[in-house]
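*Asks:* So here's my_file_24.pdb (PDB, C-alpha atoms, pLDDT in the B column).
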ATOM      1  CA  MET J   1      41.548  94.755  15.591  1.00 44.00           C
ATOM      2  CA  PRO J   2      41.271  93.412  12.008  1.00 48.00           C
ATOM      3  CA  LYS J   3      37.777  93.337  10.569  1.00 47.00           C
ATOM      4  CA  ASN J   4      37.821  89.595   9.890  1.00 45.00           C
ATOM      5  CA  ARG J   5      38.358  88.839  13.608  1.00 44.00           C
ATOM      6  CA  GLU J   6      35.631  91.035  15.064  1.00 46.00           C
ATOM      7  CA  LYS J   7      33.014  88.297  15.223  1.00 49.00           C
ATOM      8  CA  GLY J   8      35.338  85.631  16.575  1.00 49.00           C
ATOM      9  CA  HIS J   9      37.303  82.917  14.821  1.00 48.00           C
ATOM     10  CA  GLY J  10      37.351  84.930  11.593  1.00 46.00           C
ATOM     11  CA  ALA J  11      33.878  83.668  10.667  1.00 49.00           C
ATOM     12  CA  LYS J  12      31.507  85.462   8.377  1.00 52.00           C
ATOM     13  CA  SER J  13      27.866  85.430   9.378  1.00 56.00           C
ATOM     14  CA  THR J  14      25.689  85.099   6.289  1.00 61.00           C
ATOM     15  CA  GLY J  15      22.578  86.685   7.711  1.00 69.00           C
ATOM     16  CA  THR J  16      20.634  87.796  10.707  1.00 87.00           C
ATOM     17  CA  PRO J  17      20.113  85.381  13.586  1.00 86.00           C
ATOM     18  CA  LEU J  18      16.381  85.144  12.794  1.00 90.00           C
ATOM     19  CA  ARG J  19      17.112  84.161   9.202  1.00 91.00           C
ATOM     20  CA  GLU J  20      19.619  81.512  10.268  1.00 91.00           C
ATOM     21  CA  ILE J  21      17.206  80.133  12.885  1.00 91.00           C
ATOM     22  CA  ILE J  22      14.436  79.814  10.288  1.00 92.00           C
ATOM     23  CA  ILE J  23      16.704  78.174   7.701  1.00 93.00           C
ATOM     24  CA  SER J  24      18.165  75.825  10.321  1.00 94.00           C
ATOM     25  CA  GLY J  25      14.671  74.932  11.518  1.00 93.00           C
ATOM     26  CA  GLY J  26      13.655  74.034   7.965  1.00 93.00           C
ATOM     27  CA  ILE J  27      16.761  71.918   7.475  1.00 95.00           C
ATOM     28  CA  GLY J  28      16.149  70.212  10.820  1.00 94.00           C
ATOM     29  CA  ALA J  29      12.514  69.498   9.932  1.00 93.00           C
ATOM     30  CA  ALA J  30      13.636  67.963   6.645  1.00 95.00           C
ATOM     31  CA  ALA J  31      16.199  65.851   8.518  1.00 95.00           C
ATOM     32  CA  VAL J  32      13.488  64.630  10.916  1.00 94.00           C
ATOM     33  CA  LEU J  33      11.265  63.663   7.962  1.00 94.00           C
ATOM     34  CA  ILE J  34      14.117  61.776   6.297  1.00 96.00           C
ATOM     35  CA  LEU J  35      14.988  59.955   9.535  1.00 95.00           C
ATOM     36  CA  LEU J  36      11.333  59.046  10.082  1.00 93.00           C
ATOM     37  CA  ALA J  37      11.076  57.724   6.531  1.00 95.00           C
ATOM     38  CA  VAL J  38      14.213  55.613   6.995  1.00 94.00           C
ATOM     39  CA  MET J  39      12.911  54.213  10.274  1.00 92.00           C
ATOM     40  CA  ALA J  40       9.490  53.502   8.740  1.00 90.00           C
ATOM     41  CA  LEU J  41      11.205  51.660   5.908  1.00 92.00           C
ATOM     42  CA  MET J  42      13.272  49.729   8.440  1.00 90.00           C
ATOM     43  CA  MET J  43      10.118  48.789  10.354  1.00 88.00           C
ATOM     44  CA  SER J  44       8.387  47.583   7.189  1.00 88.00           C
ATOM     45  CA  VAL J  45      11.345  45.567   5.894  1.00 90.00           C
ATOM     46  CA  GLN J  46      12.314  43.940   9.187  1.00 88.00           C
ATOM     47  CA  ASP J  47      10.116  42.532  11.887  1.00 84.00           C
ATOM     48  CA  VAL J  48      10.408  45.439  14.333  1.00 83.00           C
ATOM     49  CA  PRO J  49       7.899  45.437  17.206  1.00 86.00           C
ATOM     50  CA  GLY J  50       5.344  48.243  17.224  1.00 83.00           C
ATOM     51  CA  ARG J  51       6.330  49.272  20.739  1.00 88.00           C
ATOM     52  CA  LEU J  52       9.625  50.584  19.326  1.00 88.00           C
ATOM     53  CA  ALA J  53       7.848  53.177  17.164  1.00 88.00           C
ATOM     54  CA  ALA J  54       7.702  55.830  19.910  1.00 88.00           C
ATOM     55  CA  PRO J  55      11.417  55.571  20.797  1.00 91.00           C
ATOM     56  CA  MET J  56      12.284  55.747  17.093  1.00 91.00           C
ATOM     57  CA  VAL J  57      10.230  58.931  16.708  1.00 91.00           C
ATOM     58  CA  THR J  58      11.882  60.413  19.807  1.00 92.00           C
ATOM     59  CA  LEU J  59      15.338  59.559  18.478  1.00 94.00           C
ATOM     60  CA  SER J  60      14.496  61.113  15.102  1.00 94.00           C
ATOM     61  CA  LEU J  61      13.233  64.300  16.738  1.00 94.00           C
ATOM     62  CA  ALA J  62      16.295  64.608  18.956  1.00 95.00           C
ATOM     63  CA  ALA J  63      18.768  63.946  16.129  1.00 96.00           C
ATOM     64  CA  GLY J  64      17.079  66.305  13.671  1.00 95.00           C
ATOM     65  CA  THR J  65      16.778  69.079  16.228  1.00 95.00           C
ATOM     66  CA  MET J  66      20.386  68.665  17.313  1.00 96.00           C
ATOM     67  CA  LEU J  67      21.450  68.897  13.670  1.00 95.00           C
ATOM     68  CA  ALA J  68      19.424  72.098  13.258  1.00 95.00           C
ATOM     69  CA  GLY J  69      20.916  73.638  16.408  1.00 95.00           C
ATOM     70  CA  TYR J  70      24.386  72.616  15.268  1.00 95.00           C
ATOM     71  CA  ARG J  71      23.896  74.189  11.854  1.00 94.00           C
ATOM     72  CA  CYS J  72      22.602  77.403  13.407  1.00 93.00           C
ATOM     73  CA  GLY J  73      25.504  77.533  15.863  1.00 92.00           C
ATOM     74  CA  ARG J  74      28.097  76.953  13.148  1.00 91.00           C
ATOM     75  CA  ARG J  75      26.648  79.715  11.005  1.00 90.00           C
ATOM     76  CA  LEU J  76      26.260  82.327  13.740  1.00 88.00           C
ATOM     77  CA  ARG J  77      29.249  81.319  15.939  1.00 85.00           C
ATOM     78  CA  GLN J  78      27.813  83.010  19.010  1.00 88.00           C
ATOM     79  CA  ASN J  79      25.096  82.463  21.621  1.00 88.00           C
ATOM     80  CA  GLY J  80      24.885  78.766  20.766  1.00 86.00           C
ATOM     81  CA  ILE J  81      22.611  77.795  23.638  1.00 93.00           C
ATOM     82  CA  ILE J  82      20.078  80.552  22.908  1.00 94.00           C
ATOM     83  CA  ASN J  83      20.079  80.228  19.124  1.00 94.00           C
ATOM     84  CA  GLY J  84      19.950  76.431  19.332  1.00 93.00           C
ATOM     85  CA  ALA J  85      17.059  76.536  21.803  1.00 95.00           C
ATOM     86  CA  LEU J  86      15.195  78.996  19.575  1.00 95.00           C
ATOM     87  CA  THR J  87      15.766  76.683  16.606  1.00 95.00           C
ATOM     88  CA  GLY J  88      14.385  73.757  18.634  1.00 94.00           C
ATOM     89  CA  GLY J  89      11.400  75.867  19.678  1.00 95.00           C
ATOM     90  CA  LEU J  90      10.700  76.787  16.058  1.00 94.00           C
ATOM     91  CA  MET J  91      10.869  73.133  15.058  1.00 94.00           C
ATOM     92  CA  TYR J  92       8.450  72.287  17.873  1.00 94.00           C
ATOM     93  CA  LEU J  93       6.015  74.910  16.602  1.00 94.00           C
ATOM     94  CA  ILE J  94       6.231  73.359  13.124  1.00 90.00           C
ATOM     95  CA  LEU J  95       5.531  69.944  14.657  1.00 89.00           C
ATOM     96  CA  LEU J  96       2.652  71.304  16.750  1.00 90.00           C
ATOM     97  CA  VAL J  97       0.981  72.979  13.761  1.00 90.00           C
ATOM     98  CA  ALA J  98       1.332  69.775  11.744  1.00 88.00           C
ATOM     99  CA  ALA J  99      -0.122  67.737  14.598  1.00 87.00           C
ATOM    100  CA  LEU J 100      -3.076  70.103  15.030  1.00 88.00           C
ATOM    101  CA  THR J 101      -4.051  69.724  11.374  1.00 90.00           C
ATOM    102  CA  VAL J 102      -4.951  66.087  12.055  1.00 88.00           C
ATOM    103  CA  PRO J 103      -8.608  65.813  13.122  1.00 86.00           C
ATOM    104  CA  LYS J 104      -9.304  64.700  16.709  1.00 82.00           C
ATOM    105  CA  ASN J 105      -5.676  65.166  17.717  1.00 80.00           C
ATOM    106  CA  GLU J 106      -5.216  67.155  20.911  1.00 80.00           C
ATOM    107  CA  PRO J 107      -1.807  67.963  22.357  1.00 81.00           C
ATOM    108  CA  GLY J 108      -1.312  66.427  25.773  1.00 84.00           C
ATOM    109  CA  LEU J 109       1.484  65.884  28.231  1.00 87.00           C
ATOM    110  CA  LEU J 110       3.521  64.120  25.551  1.00 86.00           C
ATOM    111  CA  ALA J 111       3.596  67.391  23.608  1.00 87.00           C
ATOM    112  CA  LEU J 112       5.276  69.099  26.564  1.00 91.00           C
ATOM    113  CA  TYR J 113       7.911  66.365  26.689  1.00 92.00           C
ATOM    114  CA  LYS J 114       8.545  66.752  22.965  1.00 91.00           C
ATOM    115  CA  CYS J 115       8.862  70.512  23.399  1.00 93.00           C
ATOM    116  CA  LEU J 116      11.441  70.101  26.150  1.00 95.00           C
ATOM    117  CA  LEU J 117      13.294  67.444  24.151  1.00 95.00           C
ATOM    118  CA  MET J 118      13.476  69.611  21.059  1.00 95.00           C
ATOM    119  CA  VAL J 119      14.501  72.801  22.865  1.00 95.00           C
ATOM    120  CA  VAL J 120      17.211  70.993  24.844  1.00 96.00           C
ATOM    121  CA  SER J 121      18.472  69.081  21.782  1.00 96.00           C
ATOM    122  CA  GLY J 122      18.690  72.279  19.767  1.00 95.00           C
ATOM    123  CA  ALA J 123      20.541  74.006  22.594  1.00 95.00           C
ATOM    124  CA  ILE J 124      23.015  71.120  22.880  1.00 96.00           C
ATOM    125  CA  GLY J 125      23.621  71.231  19.120  1.00 95.00           C
ATOM    126  CA  GLY J 126      24.185  74.983  19.270  1.00 94.00           C
ATOM    127  CA  VAL J 127      26.641  74.692  22.157  1.00 94.00           C
ATOM    128  CA  LEU J 128      28.573  71.913  20.412  1.00 94.00           C
ATOM    129  CA  ALA J 129      28.789  73.980  17.242  1.00 92.00           C
ATOM    130  CA  VAL J 130      29.964  77.175  18.898  1.00 91.00           C
ATOM    131  CA  ASN J 131      32.600  75.352  20.944  1.00 91.00           C
ATOM    132  CA  LYS J 132      33.956  73.336  18.011  1.00 82.00           C
ATOM    133  CA  ARG J 133      37.372  74.527  17.032  1.00 75.00           C
ATOM    134  CA  SER J 134      37.956  75.567  13.459  1.00 72.00           C
ATOM    135  CA  LYS J 135      40.601  73.816  11.439  1.00 71.00           C
ATOM    136  CA  VAL J 136      43.653  75.998  11.374  1.00 69.00           C
ATOM    137  CA  LYS J 137      45.474  75.903   8.090  1.00 68.00           C
ATOM    138  CA  PRO J 138      49.225  75.479   8.556  1.00 68.00           C
ATOM    139  CA  ALA J 139      51.347  78.357   7.394  1.00 68.00           C
ATOM    140  CA  HIS J 140      52.963  77.892   4.015  1.00 69.00           C
ATOM    141  CA  ARG J 141      56.620  77.005   4.483  1.00 68.00           C
ATOM    142  CA  PRO J 142      59.059  77.099   1.608  1.00 67.00           C
ATOM    143  CA  LYS J 143      60.774  73.835   0.913  1.00 69.00           C
ATOM    144  CA  SER J 144      64.345  73.737   2.186  1.00 65.00           C
ATOM    145  CA  ARG J 145      66.977  71.590   0.595  1.00 61.00           C
TER     146      ARG J 145
END
Please go through the file and, once you have read it, give me the structure as structure tokens.
*Replies:*
Amino acid sequence: MPKNREKGHGAKSTGTPLREIIISGGIGAAAVLILLAVMALMMSVQDVPGRLAAPMVTLSLAAGTMLAGYRCGRRLRQNGIINGALTGGLMYLILLVAALTVPKNEPGLLALYKCLLMVVSGAIGGVLAVNKRSKVKPAHRPKSR
């Protein structure tokens, strides 16, 4: 078997799974922060009710974690559900540490829901990435006259 096909689809993995999970988790956390900033700007510019803040945060967490799982799955091209779930778990730990730095903030049942949401979203992103077909370049054909 040719060396470029050993890992499936001719993909080159750029690093170890742990490295890709950490990098993907950082990218996902940055995406969540950007989405939260956009939604906060939207809430300040328009008259958005305060009761929509929690669903907006949930949507931002799910989208950012899915993006991180997708990125990890595309880079590693194997074990998408596991690597995506690990990426979501890492992002949850980042969120938990950030939340615990705030005084008088104790994690409750909502923290468990966020953990499940982030792990499942990361796993879904990883599965979508691994199952996405690569673009196949058409073979070069000489022009015929």
*Asks:* Write out as a VMD selection string each polymer residue whose atoms come within 12 Å of Thr87 in chain J, counting all atoms listed in the file; drop sequence neighbours fewer than 3 positions from it.
*Replies:* chain J and resid 17 to 29 64 to 73 80 to 84 90 to 94 115 118 to 126
*Asks:* Write a file of the selected residues as a compact mmCIF listing (two decimals), keeping the file's coordinate frame, keeping C-alpha atoms.
*Replies:*
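Now in result_12.txt:
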# COMPACT_ATOMS: atom_id res chain seq x y z
CA PRO J 17 20.11 85.38 13.59
CA LEU J 18 16.38 85.14 12.79
CA ARG J 19 17.11 84.16 9.20
CA GLU J 20 19.62 81.51 10.27
CA ILE J 21 17.21 80.13 12.88
CA ILE J 22 14.44 79.81 10.29
CA ILE J 23 16.70 78.17 7.70
CA SER J 24 18.16 75.82 10.32
CA GLY J 25 14.67 74.93 11.52
CA GLY J 26 13.66 74.03 7.96
CA ILE J 27 16.76 71.92 7.48
CA GLY J 28 16.15 70.21 10.82
CA ALA J 29 12.51 69.50 9.93
CA GLY J 64 17.08 66.31 13.67
CA THR J 65 16.78 69.08 16.23
CA MET J 66 20.39 68.67 17.31
CA LEU J 67 21.45 68.90 13.67
CA ALA J 68 19.42 72.10 13.26
CA GLY J 69 20.92 73.64 16.41
CA TYR J 70 24.39 72.62 15.27
CA ARG J 71 23.90 74.19 11.85
CA CYS J 72 22.60 77.40 13.41
CA GLY J 73 25.50 77.53 15.86
CA GLY J 80 24.88 78.77 20.77
CA ILE J 81 22.61 77.80 23.64
CA ILE J 82 20.08 80.55 22.91
CA ASN J 83 20.08 80.23 19.12
CA GLY J 84 19.95 76.43 19.33
CA LEU J 90 10.70 76.79 16.06
CA MET J 91 10.87 73.13 15.06
CA TYR J 92 8.45 72.29 17.87
CA LEU J 93 6.02 74.91 16.60
CA ILE J 94 6.23 73.36 13.12
CA CYS J 115 8.86 70.51 23.40
CA MET J 118 13.48 69.61 21.06
CA VAL J 119 14.50 72.80 22.86
CA VAL J 120 17.21 70.99 24.84
CA SER J 121 18.47 69.08 21.78
CA GLY J 122 18.69 72.28 19.77
CA ALA J 123 20.54 74.01 22.59
CA ILE J 124 23.02 71.12 22.88
CA GLY J 125 23.62 71.23 19.12
CA GLY J 126 24.18 74.98 19.27
*Asks:* Would you mind reading off the distance between CA of Leu117 in chain J and CA of Leu76 in chain J, one decimal, in Å?
*Replies:*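 According to the coordinates, CA of Leu117 in chain J and CA of Leu76 in chain J are separated by 22.3 Å.
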*Asks:* Write out as an NGL selection string each polymer residue whose atoms come within 10 Å of Met56 in chain J, counting only C-alpha atoms; drop sequence neighbours fewer than 2 positions from it.
*Replies:* :J and (35-36 or 39-40 or 43 or 51-54 or 58-62)
*Asks:* Box for range 55-65 of chain J: with edges along x, y and z, all listed atoms inside and 3 Å added on each side, what are the centre and edge lengths in Å to one decimal, as AutoDock Vina command-line options?
*Replies:*
--center_x 14.5 --center_y 62.3 --center_z 17.2 --size_x 14.5 --size_y 19.5 --size_z 13.1
*Asks:* Which residues, named as in the file, does the PyMOL selection byres ((chain J and resi 131) around 10) pick out? Answer as JSON, numbers by chain.
*Replies:* {"J": [73, 74, 77, 78, 80, 126, 127, 128, 129, 130, 132, 133, 134]}
*Asks:* What gap, in Å, lies between CA of Gly108 in chain J and CA of Gly89 in chain J?
*Replies:*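 Computing it gives 17.0 Å between the two atoms.
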*Asks:* Quote the spacing between CA of Gly88 in chain J and CA of Ala63 in chain J in Å to one decimal place.
*Replies:*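 So the answer is 11.0 Å.
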